[in-house]
$ cat target14.cif   # mmCIF, C-alpha atoms
data_upload
loop_
_atom_site.label_atom_id
_atom_site.label_comp_id
_atom_site.auth_asym_id
_atom_site.auth_seq_id
_atom_site.Cartn_x
_atom_site.Cartn_y
_atom_site.Cartn_z
CA MET A 1 41.85 0.13 19.13
CA ASP A 2 43.49 3.10 17.48
CA LEU A 3 43.43 6.83 18.12
CA THR A 4 40.63 7.42 15.59
CA ARG A 5 38.30 4.93 17.26
CA PHE A 6 39.32 6.07 20.75
CA THR A 7 38.59 9.70 19.83
CA ARG A 8 35.22 8.69 18.44
CA ILE A 9 34.37 6.84 21.67
CA ILE A 10 35.37 9.78 23.87
CA GLU A 11 33.51 12.32 21.75
CA ALA A 12 30.34 10.21 21.83
CA TYR A 13 30.32 8.59 25.27
CA GLY A 14 32.54 10.92 27.28
CA SER A 15 35.51 10.32 29.55
CA GLN A 16 33.95 7.85 31.99
CA PRO A 17 34.75 4.22 31.08
CA GLY A 18 31.42 3.11 32.55
CA HIS A 19 29.65 4.78 29.64
CA TRP A 20 31.86 3.30 26.92
CA PRO A 21 30.57 0.39 24.81
CA ALA A 22 30.98 -2.76 26.89
CA ASP A 23 32.70 -4.71 24.15
CA GLU A 24 35.35 -2.00 23.64
CA ARG A 25 35.80 -0.84 27.23
CA ALA A 26 38.82 -2.95 28.08
CA ALA A 27 40.66 -2.13 24.85
CA ALA A 28 39.94 1.59 25.22
CA SER A 29 41.15 1.58 28.83
CA ARG A 30 44.40 -0.12 27.78
CA PHE A 31 44.81 2.38 24.96
CA ALA A 32 44.34 5.32 27.35
CA ALA A 33 46.91 3.90 29.76
CA ALA A 34 49.45 3.49 26.99
CA HIS A 35 49.09 6.81 25.10
CA SER A 36 49.54 10.33 26.44
CA THR A 37 47.44 11.76 23.58
CA ALA A 38 44.55 9.61 24.72
CA ARG A 39 44.94 10.82 28.30
CA GLN A 40 44.91 14.45 27.12
CA LEU A 41 41.70 13.74 25.26
CA LEU A 42 40.16 12.24 28.39
CA GLU A 43 41.16 15.32 30.37
CA GLN A 44 39.55 17.61 27.80
CA HIS A 45 36.20 15.82 28.10
CA SER A 46 36.20 15.23 31.83
CA GLY A 47 34.87 18.73 32.65
CA LEU A 48 31.56 18.19 30.87
CA ASP A 49 31.19 14.74 32.42
CA LYS A 50 31.65 16.17 35.93
CA TYR A 51 28.80 18.60 35.29
CA LEU A 52 26.59 15.91 33.82
CA HIS A 53 27.42 13.58 36.70
CA THR A 54 26.20 16.07 39.30
CA GLN A 55 23.07 16.89 37.34
CA THR A 56 19.91 15.99 39.20
CA LEU A 57 16.29 16.68 38.48
CA ALA A 58 14.90 19.99 39.67
CA ALA A 59 12.39 19.91 42.50
CA GLY A 60 9.47 20.55 40.14
CA GLU A 61 10.53 17.79 37.77
CA GLU A 62 10.35 14.88 40.24
CA LEU A 63 7.06 13.04 40.00
CA ASN A 64 5.21 11.62 42.97
CA LEU A 65 5.82 8.00 42.01
CA SER A 66 3.70 6.33 44.69
CA ARG A 67 0.69 8.45 43.72
CA LEU A 68 1.34 7.78 40.05
CA GLU A 69 1.59 4.04 40.72
CA ALA A 70 -1.73 4.06 42.59
CA THR A 71 -3.38 6.02 39.76
CA LEU A 72 -2.10 3.57 37.16
CA LEU A 73 -3.26 0.53 39.12
CA ALA A 74 -6.71 2.08 39.48
CA GLN A 75 -6.88 2.86 35.76
CA VAL A 76 -5.82 -0.67 34.87
CA ALA A 77 -8.53 -2.09 37.16
CA THR A 78 -11.13 0.10 35.41
CA ILE A 79 -9.91 -0.97 31.97
CA GLU A 80 -10.18 -4.60 33.03
CA GLN A 81 -13.72 -4.14 34.37
CA LEU A 82 -14.83 -2.45 31.14
CA ALA A 83 -13.25 -5.24 29.12
CA ASN A 84 -15.15 -7.83 31.19
CA ILE A 85 -18.44 -5.98 30.70
CA ASN A 86 -17.86 -5.77 26.95
CA GLN A 87 -16.96 -9.45 26.85
CA GLN A 88 -20.17 -10.41 28.66
CA ALA A 89 -22.23 -8.20 26.35
CA SER A 90 -20.69 -9.72 23.24
CA ASN A 91 -21.21 -13.24 24.64
CA ASN A 92 -24.90 -12.51 25.23
CA SER A 93 -25.40 -11.00 21.80
CA ALA A 94 -23.57 -13.90 20.17
CA THR A 95 -26.25 -16.46 21.16
CA ALA A 96 -30.02 -15.79 20.84
CA PRO A 97 -30.25 -12.74 18.55
CA THR A 98 -27.90 -14.24 15.99
CA ALA A 99 -29.90 -17.45 15.81
CA GLN A 100 -33.10 -15.47 15.28
CA ALA A 101 -31.51 -13.25 12.68
CA ARG A 102 -30.49 -16.27 10.65
CA GLN A 103 -34.14 -17.40 10.31
CA PRO A 104 -36.00 -14.80 8.24
CA ARG A 105 -39.77 -14.77 8.41
CA PRO A 106 -41.33 -17.16 5.78
CA ALA A 107 -43.74 -14.67 4.15
CA LEU A 108 -41.07 -12.00 3.67
CA ALA A 109 -38.56 -14.55 2.40
CA GLY A 110 -41.09 -15.85 -0.16
CA LEU A 111 -41.87 -12.33 -1.44
CA VAL A 112 -38.16 -11.49 -1.78
CA ALA A 113 -37.55 -14.74 -3.67
CA LEU A 114 -40.52 -14.06 -6.03
CA LEU A 115 -39.31 -10.53 -6.82
CA ALA A 116 -35.76 -11.73 -7.38
CA GLY A 117 -36.94 -14.51 -9.71
CA THR A 118 -39.14 -12.14 -11.71
CA LEU A 119 -36.33 -9.66 -12.08
CA ASP A 120 -34.00 -12.44 -13.24
CA HIS A 121 -36.52 -13.56 -15.89
CA PHE A 122 -37.05 -10.02 -17.13
CA ILE A 123 -33.30 -9.39 -17.47
CA ALA A 124 -32.88 -12.73 -19.27
CA TRP A 125 -35.69 -11.77 -21.68
CA LEU A 126 -34.27 -8.29 -22.24
CA LEU A 127 -30.66 -9.33 -22.71
CA PRO A 128 -30.49 -12.96 -23.88
CA ALA A 129 -27.34 -14.93 -23.10
CA GLN A 130 -26.77 -15.35 -26.85
CA PRO A 131 -27.59 -11.93 -28.42
CA GLN A 132 -29.42 -12.05 -31.76
CA PRO A 133 -30.31 -9.14 -34.11
CA ALA A 134 -33.96 -10.16 -33.98
CA PHE A 135 -34.13 -9.26 -30.30
CA ILE A 136 -32.56 -5.81 -30.59
CA TRP A 137 -36.00 -4.22 -30.29
CA ARG A 138 -36.26 -5.32 -26.67
CA PRO A 139 -33.56 -3.05 -25.21
CA ALA A 140 -34.57 -0.35 -27.73
CA LEU A 141 -38.14 -0.55 -26.44
CA LEU A 142 -36.91 -0.31 -22.88
CA ALA A 143 -34.78 2.73 -23.74
CA ALA A 144 -37.77 4.39 -25.46
CA LEU A 145 -40.15 3.74 -22.56
CA PRO A 146 -39.35 6.99 -20.71
CA LEU A 147 -40.01 8.96 -23.93
CA ILE A 148 -43.32 7.19 -24.56
CA ALA A 149 -44.35 7.70 -20.94
CA GLY A 150 -43.50 11.40 -21.17
CA LEU A 151 -45.59 11.85 -24.34
CA LEU A 152 -48.56 10.05 -22.82
CA ILE A 153 -48.45 12.09 -19.65
CA GLY A 154 -48.01 15.36 -21.56
CA GLY A 155 -50.95 14.60 -23.90
CA ASN A 156 -53.37 13.72 -21.12
CA LEU A 157 -52.45 16.40 -18.64
CA GLN A 158 -55.11 19.19 -18.38
CA LEU A 159 -53.48 22.44 -17.58
CA ASP A 160 -55.68 25.37 -16.53
CA GLU A 161 -54.77 27.95 -19.13
CA LEU A 162 -55.70 31.54 -18.40
CA ASP A 163 -57.45 33.50 -21.10
CA TYR A 164 -55.91 36.92 -20.69
CA THR A 165 -58.14 38.42 -23.42
CA ASP A 166 -61.32 37.58 -21.47
CA THR A 167 -59.89 39.04 -18.34
CA TRP A 168 -59.04 42.30 -20.10
CA GLU A 169 -62.48 42.58 -21.63
CA ASP A 170 -64.13 42.00 -18.25
CA GLU A 171 -62.11 44.81 -16.76
CA VAL A 172 -63.10 47.27 -19.54
CA THR A 173 -66.77 46.34 -19.09
CA LEU A 174 -66.61 46.91 -15.38
CA LEU A 175 -64.89 50.24 -15.92
CA ALA A 176 -67.64 51.36 -18.32
CA LEU A 177 -70.30 50.67 -15.70
CA VAL A 178 -68.79 53.17 -13.29
CA PRO A 179 -70.82 56.45 -13.70
CA ASP A 180 -68.12 59.10 -13.35
CA ALA A 181 -65.07 57.19 -14.23
CA THR A 182 -63.64 60.01 -16.32
CA GLU A 183 -64.14 62.56 -13.51
CA THR A 184 -61.95 60.63 -11.15
CA MET A 185 -59.13 60.63 -13.60
CA PRO A 186 -56.60 63.43 -13.16
CA MET B 1 15.86 -16.22 46.14
CA TYR B 2 14.76 -16.44 42.50
CA GLU B 3 13.72 -13.10 41.05
CA VAL B 4 11.27 -13.13 38.21
CA SER B 5 12.71 -11.41 35.14
CA ASP B 6 11.08 -8.45 33.41
CA LYS B 7 10.39 -10.61 30.38
CA GLU B 8 8.55 -13.20 32.47
CA LEU B 9 6.57 -10.45 34.16
CA ILE B 10 5.52 -8.84 30.90
CA THR B 11 4.35 -12.23 29.62
CA GLN B 12 2.12 -12.46 32.69
CA VAL B 13 0.93 -8.88 32.12
CA ALA B 14 -0.07 -9.87 28.59
CA HIS B 15 -2.33 -12.50 30.19
CA GLY B 16 -3.94 -9.90 32.45
CA CYS B 17 -1.98 -10.44 35.67
CA ARG B 18 -2.24 -7.26 37.67
CA ASP B 19 0.29 -8.35 40.27
CA ALA B 20 2.95 -8.75 37.56
CA TYR B 21 1.98 -5.32 36.27
CA ARG B 22 2.47 -3.83 39.74
CA GLN B 23 5.91 -5.41 40.01
CA LEU B 24 6.95 -4.07 36.61
CA LEU B 25 5.65 -0.65 37.58
CA GLN B 26 7.80 -0.65 40.69
CA ARG B 27 10.87 -1.65 38.67
CA GLN B 28 10.46 0.59 35.62
CA LEU B 29 8.45 3.61 36.72
CA PRO B 30 11.32 5.56 38.36
CA ALA B 31 13.70 5.33 35.38
CA VAL B 32 11.08 6.04 32.72
CA SER B 33 9.63 8.98 34.64
CA ARG B 34 13.13 10.49 35.08
CA TYR B 35 13.74 10.14 31.36
CA VAL B 36 10.43 11.83 30.44
CA ALA B 37 10.98 14.58 33.03
CA ARG B 38 14.41 15.35 31.63
CA MET B 39 13.13 15.27 28.06
CA LEU B 40 10.28 17.68 28.77
CA GLY B 41 11.88 19.93 31.38
CA GLN B 42 9.23 21.23 33.76
CA ALA B 43 6.34 20.54 31.44
CA ALA B 44 3.10 19.72 33.19
CA GLU B 45 2.56 16.96 30.63
CA THR B 46 5.35 14.80 32.08
CA GLU B 47 2.92 12.87 34.28
CA ASP B 48 0.44 12.42 31.42
CA ILE B 49 3.13 10.96 29.18
CA VAL B 50 4.45 8.63 31.90
CA GLN B 51 0.88 7.44 32.53
CA GLU B 52 0.38 6.80 28.83
CA VAL B 53 3.61 4.77 28.67
CA PHE B 54 2.50 2.48 31.48
CA LEU B 55 -1.08 2.19 30.26
CA ARG B 56 0.39 0.92 27.01
CA LEU B 57 2.39 -1.57 29.03
CA TRP B 58 -0.98 -2.97 30.15
CA THR B 59 -2.89 -2.71 26.89
CA GLN B 60 -0.09 -3.64 24.46
CA ALA B 61 2.02 -6.08 26.45
CA GLN B 62 1.19 -8.84 23.96
CA ARG B 63 2.96 -6.81 21.25
CA TYR B 64 6.26 -6.89 23.13
CA ASP B 65 8.79 -9.17 21.43
CA PRO B 66 11.42 -10.45 23.88
CA ALA B 67 13.73 -11.34 20.99
CA LEU B 68 13.97 -7.71 19.92
CA ALA B 69 14.56 -5.71 23.10
CA GLN B 70 14.69 -5.63 26.87
CA VAL B 71 11.48 -4.51 28.58
CA SER B 72 13.17 -1.29 29.74
CA THR B 73 14.30 -0.56 26.16
CA TRP B 74 10.75 -1.16 24.88
CA LEU B 75 9.30 1.19 27.50
CA HIS B 76 11.92 3.85 26.77
CA LYS B 77 11.07 3.57 23.09
CA ILE B 78 7.38 4.19 23.81
CA ALA B 79 8.33 7.11 26.06
CA HIS B 80 10.69 8.56 23.45
CA ASN B 81 8.03 8.38 20.73
CA LEU B 82 5.43 10.02 22.97
CA CYS B 83 7.89 12.81 23.84
CA ILE B 84 8.65 13.43 20.17
CA ASP B 85 4.89 13.49 19.41
CA TYR B 86 4.48 15.99 22.23
CA PHE B 87 7.25 18.23 20.86
CA ARG B 88 5.71 18.15 17.39
CA LYS B 89 2.40 19.41 18.75
CA GLN B 90 3.94 22.09 20.95
CA GLN B 91 5.62 25.40 20.36
CA PRO B 92 9.39 25.38 20.90
CA LEU B 93 10.45 25.35 24.55
CA ASP B 94 10.22 28.73 26.23
CA PHE B 95 13.91 28.97 26.89
CA GLU B 96 13.62 32.51 28.28
CA ALA B 97 11.11 31.37 30.91
CA HIS B 98 13.37 28.52 31.96
CA SER B 99 16.47 30.68 32.10
CA LYS B 100 14.97 33.49 34.17
CA ASP B 101 17.54 34.64 36.75
CA GLU B 102 16.37 33.88 40.29
CA SER B 103 19.47 35.09 42.09
CA GLY B 104 18.06 38.55 42.63
CA GLY B 105 21.28 40.12 41.35
CA SER B 106 23.33 39.48 44.50
CA GLU B 107 26.73 37.72 44.50
CA PRO B 108 26.04 33.98 44.85
CA ASP B 109 27.60 31.90 47.63
CA ALA B 110 29.13 28.46 47.00
CA GLU B 111 25.88 26.52 47.46
CA HIS B 112 23.95 28.95 45.31
CA ARG B 113 26.69 28.78 42.68
CA SER B 114 26.26 25.01 42.54
CA ASP B 115 22.50 25.47 42.07
CA ILE B 116 23.11 27.94 39.27
CA LEU B 117 25.53 25.55 37.63
CA GLN B 118 23.01 22.71 37.85
CA LYS B 119 20.40 24.94 36.31
CA ASP B 120 22.77 25.95 33.53
CA VAL B 121 23.44 22.32 32.70
CA ARG B 122 19.71 21.57 32.78
CA LEU B 123 19.01 24.48 30.46
CA ALA B 124 21.81 23.45 28.14
CA LEU B 125 20.28 19.96 27.98
CA LEU B 126 16.85 21.42 27.22
CA ASP B 127 18.42 23.56 24.51
CA LEU B 128 19.63 20.48 22.62
CA PRO B 129 17.60 19.25 19.64
CA GLU B 130 15.21 16.54 20.84
CA ARG B 131 16.97 13.53 19.32
CA GLN B 132 20.37 14.66 20.57
CA ARG B 133 18.91 15.20 24.04
CA SER B 134 17.24 11.82 23.97
CA ALA B 135 20.47 10.09 22.87
CA LEU B 136 22.46 11.75 25.65
CA LEU B 137 19.84 11.02 28.30
CA LEU B 138 19.54 7.38 27.29
CA CYS B 139 23.29 6.72 27.30
CA HIS B 140 24.39 8.98 30.12
CA PHE B 141 21.50 9.17 32.59
CA GLN B 142 19.38 6.11 31.83
CA GLU B 143 22.51 3.99 31.41
CA LEU B 144 21.21 2.06 28.45
CA SER B 145 23.87 0.35 26.34
CA ASN B 146 24.67 1.89 22.97
CA LYS B 147 22.74 -0.88 21.19
CA GLU B 148 19.69 -0.37 23.41
CA ALA B 149 19.77 3.42 22.92
CA ALA B 150 20.11 2.96 19.17
CA ALA B 151 17.09 0.62 19.26
CA VAL B 152 15.03 3.21 21.15
CA LEU B 153 15.90 5.88 18.59
CA GLU B 154 15.55 3.42 15.70
CA ILE B 155 18.99 4.24 14.30
CA SER B 156 22.29 2.43 13.88
CA VAL B 157 25.00 2.53 16.55
CA ASP B 158 27.13 4.65 14.17
CA ALA B 159 24.32 7.19 13.84
CA LEU B 160 23.85 7.15 17.62
CA GLU B 161 27.54 7.96 18.13
CA SER B 162 27.26 10.88 15.71
CA LEU B 163 24.20 12.18 17.58
CA LEU B 164 25.98 11.83 20.91
CA ALA B 165 29.13 13.59 19.66
CA ARG B 166 27.07 16.49 18.30
CA ALA B 167 25.12 16.70 21.55
CA ARG B 168 28.26 16.80 23.70
CA ARG B 169 29.93 19.34 21.39
CA ARG B 170 26.90 21.60 21.61
CA LEU B 171 26.67 21.20 25.39
CA ARG B 172 30.33 22.14 25.78
CA SER B 173 29.86 25.13 23.53
CA THR B 174 26.78 26.32 25.47
CA LEU B 175 28.31 25.79 28.90
CA GLU B 176 31.70 27.24 28.05
CA LYS B 177 30.18 30.66 27.43
CA PRO B 178 29.34 31.73 31.00
CA HIS B 179 31.53 29.51 33.18
CA GLY B 180 34.06 27.46 31.26
CA LEU B 181 34.59 23.78 31.89
CA ASP B 182 38.17 23.72 33.05
#
$ encode --input "target14.cif" --output "structure tokens"
Amino acid sequence: MDLTRFTRIIEAYGSQPGHWPADERAAASRFAAAHSTARQLLEQHSGLDKYLHTQTLAAGEELNLSRLEATLLAQVATIEQLANINQQASNNSATAPTAQARQPRPALAGLVALLAGTLDHFIAWLLPAQPQPAFIWRPALLAALPLIAGLLIGGNLQLDELDYTDTWEDEVTLLALVPDATETMP
Amino acid sequence: MYEVSDKELITQVAHGCRDAYRQLLQRQLPAVSRYVARMLGQAAETEDIVQEVFLRLWTQAQRYDPALAQVSTWLHKIAHNLCIDYFRKQQPLDFEAHSKDESGGSEPDAEHRSDILQKDVRLALLDLPERQRSALLLCHFQELSNKEAAAVLEISVDALESLLARARRRLRSTLEKPHGLD
């Protein structure tokens, strides 16, 4: 123990030996007894420690511990009950429904397998495992399919086109049939 | 008579023993609630935070590692972290509201002077930065060892001593202004 370490202890932990680090308490106490500088340092810090020592919680800061304890025990009991309910629910769901879910219906399973097999064959035909130039037309045909489909649809679609000329002529004819059409005009 | 240790009790709590939980509550609730109350001042959230600390004792007891810390240190660490979270979400403490003069302007008698002094010290503590306040509370009021307090704050003992020295220097400076400490 030297003055530097003693000063550090007093500045951090204060003047009361009970608050000093346990492994240095004895050495620091001996140092204080042997050096007047150390005792002066203790005296300087004792004022703050007296104030801190008398410090108690204000009336509004004290909690009602017995009420708090009862509240906590009640909350813990509720948590435990909920955990038990969840455990029972998961135990129930872990038996029958899981077993059923693992056995898909035969008809649906067969259809899914058929579709998957067909799709596999088509992809194998389209993109052979060993690509050859002779088969390049297959992906090209697939890529052109949307274009061909668009042309076919466009060629066969009957759109109702309006003949604006006929409409105009009809209107002039109707206007001519009105007897005094010119008189009504301003 | 053999007294079951905190570490044995928390092991039982981890296995769902409510009686062990009740015993730990009775041992640790007063100290932890004092720490939270002093950290927060008169905040209404003190009770909420203390409740949260002890609910975590129930729900997270299996995460406690007896090789790393005492049960009280572990609980103080949870409390400290919750207090720091609370401060981050809140506006700074309303120091003016806390320091409002209730003497009515008359000359205080000896008892009233002691109350005023206590209040000044309390306000000076609340005026400290949160980590400095926590360090001082843990070492001075909660009587944790320096290693335990350093573990709560997740810092080295050297860093703890620096925090404590700054806290005490600031307290002295604050309290010397109106009254003096001689």
$ atom_distance --input "target14.cif" --atom1 "atom CA of B:Ile84" --atom2 "atom CA of B:Arg131"
8.4 Å
$ residues_around --input "target14.cif" --residues "A:Pro139" --least-positions-apart "3" --cutoff "8 Å" --atoms "only C-alpha atoms" --output "count of residues only"
5
$ interface_residues --input "target14.cif" --of "chain A" --to "chain B" --cutoff "9 Å" --atoms "all atoms listed in the file" --output "number ranges by chain"
A: 8-14, 19-22, 44-48, 51-58, 60-63, 65, 68-69, 71-73, 75-77, 79-80
$ residues_near_point --input "target14.cif" --point "(7.7, 12.5, 24.3)" --cutoff "10 Å" --atoms "all atoms listed in the file" --output "short mmCIF file (atom, residue, chain, number, x, y, z; two decimals) with C-alpha atoms, in the frame of the given file"
data_model
loop_
_atom_site.label_atom_id
_atom_site.label_comp_id
_atom_site.auth_asym_id
_atom_site.auth_seq_id
_atom_site.Cartn_x
_atom_site.Cartn_y
_atom_site.Cartn_z
CA TYR B 35 13.74 10.14 31.36
CA VAL B 36 10.43 11.83 30.44
CA ALA B 37 10.98 14.58 33.03
CA MET B 39 13.13 15.27 28.06
CA LEU B 40 10.28 17.68 28.77
CA GLU B 45 2.56 16.96 30.63
CA THR B 46 5.35 14.80 32.08
CA ILE B 49 3.13 10.96 29.18
CA VAL B 50 4.45 8.63 31.90
CA VAL B 53 3.61 4.77 28.67
CA HIS B 76 11.92 3.85 26.77
CA LYS B 77 11.07 3.57 23.09
CA ILE B 78 7.38 4.19 23.81
CA ALA B 79 8.33 7.11 26.06
CA HIS B 80 10.69 8.56 23.45
CA ASN B 81 8.03 8.38 20.73
CA LEU B 82 5.43 10.02 22.97
CA CYS B 83 7.89 12.81 23.84
CA ILE B 84 8.65 13.43 20.17
CA ASP B 85 4.89 13.49 19.41
CA TYR B 86 4.48 15.99 22.23
CA PHE B 87 7.25 18.23 20.86
CA ARG B 88 5.71 18.15 17.39
CA GLU B 130 15.21 16.54 20.84
CA SER B 134 17.24 11.82 23.97
#
$ atom_distance --input "target14.cif" --atom1 "atom CA of A:Ser36" --atom2 "atom CA of A:Thr7"
12.8 Å
$ residues_around --input "target14.cif" --residues "B:Ala69" --least-positions-apart "2" --cutoff "12 Å" --atoms "only C-alpha atoms" --output "ChimeraX atom specification"
/B:6-7,63-67,71-77,144-145,147-152,154
$ atom_distance --input "target14.cif" --atom1 "atom CA of B:Pro129" --atom2 "atom CA of B:Ile155"
16.0 Å
$ closest_residue --input "target14.cif" --among "B:Ile116, B:Leu57, B:Val157, B:Leu126" --to "B:Leu9" --atoms "only C-alpha atoms"
B:Leu57
$ closest_residue --input "target14.cif" --among "A:Ser93, A:Phe31, A:Glu24, A:Gly18" --to "A:Leu3" --atoms "only C-alpha atoms"
A:Phe31
